Amino acid sequence: MDFIIGLLPFIVNGLSLGLLFALIALGFMLIIGVMELINLAHGSLFALGAYLAMVVISPHVPWLGAFGSWYLGLPIVLRYVLAIVLAPALVAVVGMVLEVCLRPTYGKDPLYGLLLTFGAAMVLEESIRVVWGSAEQMLQVPPVLVGPFLFGGMIYSKYQFFASAFAIFIIVLVWLFLERTPYGAIIKAGAHDSEMVRALGINLTRLRLFVFGFGTALAAIAGIIMSPIWGLRPHVGVDAVIPAFLIITLGGVGSFWGAVVAGVLVGLAVGITAGFASEWSLLSMYLLLIAVVTIRARGLFGKKSILEA
């Protein structure tokens with residue numbers, strides 16, 4: 001019993017990390033499912049969302065003048081909520097611009113799209129360095145979410161539980177959107193058979209634009225929620241895109257719940273391993289991937305599209 005109690009904090013850490021990993025992977029999965037494109041800029045957009053949220057919460061722009069002073073006088077909870085809304089919207093616009101740049105690559109060798117998104121990732125990362133510098137930054141969060149609390153004789157982080165609850169909330173919202181709205185049905189149909197969608201009169205170009213913006217907005221939301229845990233630096237996107245790619249491979253490309261379950265499993269593997277051998281914690285997720293793919297090459301819930309999720 002003492003062993004289980006001692007392990008509980010690492011399990012909690014793993015669950016919260018896994019839910020956040022799943023949130024990162026969902027946007028990545030939607031773009032791959034509909035566009036059959038691996039967006040290597042996903043991690044940089046994740047970082048951009050966090051940096052833009054930092055500006056919305058605590059702007060330091062001299063030309064704002066009296067408005068800036070008034071705005072900073074608003075409750076931080078309100079500014080934080082505005083950041084969660086505005087920053088993903090701005091990142092979605094950046095994602096849509098990237099999708100327009102990708103259009104000449106459609107129907108050609110997938111390597112062209114891969115190289116273009118890699119170049120976009122480099123441009124975004126260097127742009128972040130130019131605007132905000134290379135030093136690590138801190139995203140301010142409401143004081144009510146900061147600090148420890150005692151439960152069952154163990155100390156836990158308030159923010160960690162908030163991040164987990166928020167990730168669950170967004171995951172459920174995305175699922176309801178995909179399963180209960182006509183727009184979600186169109187997205188799933190686009191992932192299943194894009195040519196049939198075009199034959200039915202649905203504007204495939206507009207669908208791709210929307211999905212890319214939606215997927216990058218999810219990346220930005222994940223960046224905002226994860227940055228107080230991971231820290232905020234220009235190359236933090238690399239730390240996000242690698243687990244995202246691993247998770248959709250582990251869960252099965254195109255499977256919504258596969259991405260969620262795989263994210264939780266990866267988080268638990270990293271969290272629990274950290275309790276015994278911290279130097280193995282990151283390696284554990286790669287070992288998990290090898291073990292699963294060796295047995296089931298298409299991943300845990302691998303299907304042809306999110307229609308079958």
# chains A, B, ... in the order shown; residues from 1 in each chain; ligands from 1
call {"tool": "select_by_dssp", "arguments": {"residues": "segment 13-234 of chain A", "states": "strand (DSSP E)", "output": "ChimeraX atom specification"}}
result
/A:148-151,154-157
call {"tool": "closest_atom_pairs", "arguments": {"of": "segment 210-308 of chain A", "to": "segment 154-161 of chain A", "cutoff": "12 Å", "atoms": "only C-alpha atoms", "output": "tab-separated table"}}
result
residue	atom	partner	partner_atom	distance
A:Ile225	CA	A:Tyr159	CA	9.3
A:Met226	CA	A:Gln160	CA	9.4
A:Ser227	CA	A:Tyr159	CA	11.3
A:Pro228	CA	A:Tyr159	CA	8.5
A:Ile229	CA	A:Gln160	CA	8.0
A:Trp230	CA	A:Gln160	CA	11.5
call {"tool": "residues_around", "arguments": {"residues": "segment 15-29 of chain A", "least_positions_apart": "5", "cutoff": "7 Å", "atoms": "only C-alpha atoms", "output": "PyMOL selection string"}}
result
chain A and resi 42+160+164+167-168+171+215-216+218-219+222+243-244+247-248+253-254+259-260+263-268
call {"tool": "closest_atom_pairs", "arguments": {"of": "segment 208-295 of chain A", "to": "segment 111-128 of chain A", "cutoff": "9 Å", "atoms": "only C-alpha atoms", "output": "tab-separated table"}}
result
residue	atom	partner	partner_atom	distance
A:Arg233	CA	A:Ile128	CA	8.7
A:Pro234	CA	A:Glu125	CA	5.7
A:His235	CA	A:Glu125	CA	6.6
A:Gly237	CA	A:Glu125	CA	8.3
call {"tool": "closest_residue", "arguments": {"among": "A:Ile295, A:Leu8, A:Leu37, A:Ile272", "to": "Lys108 of chain A", "atoms": "only C-alpha atoms"}}
result
A:Leu37
call {"tool": "closest_residue", "arguments": {"among": "A:Leu78, A:Val97, A:Ala262, A:Leu178", "to": "Arg208 of chain A", "atoms": "only C-alpha atoms"}}
result
A:Val97
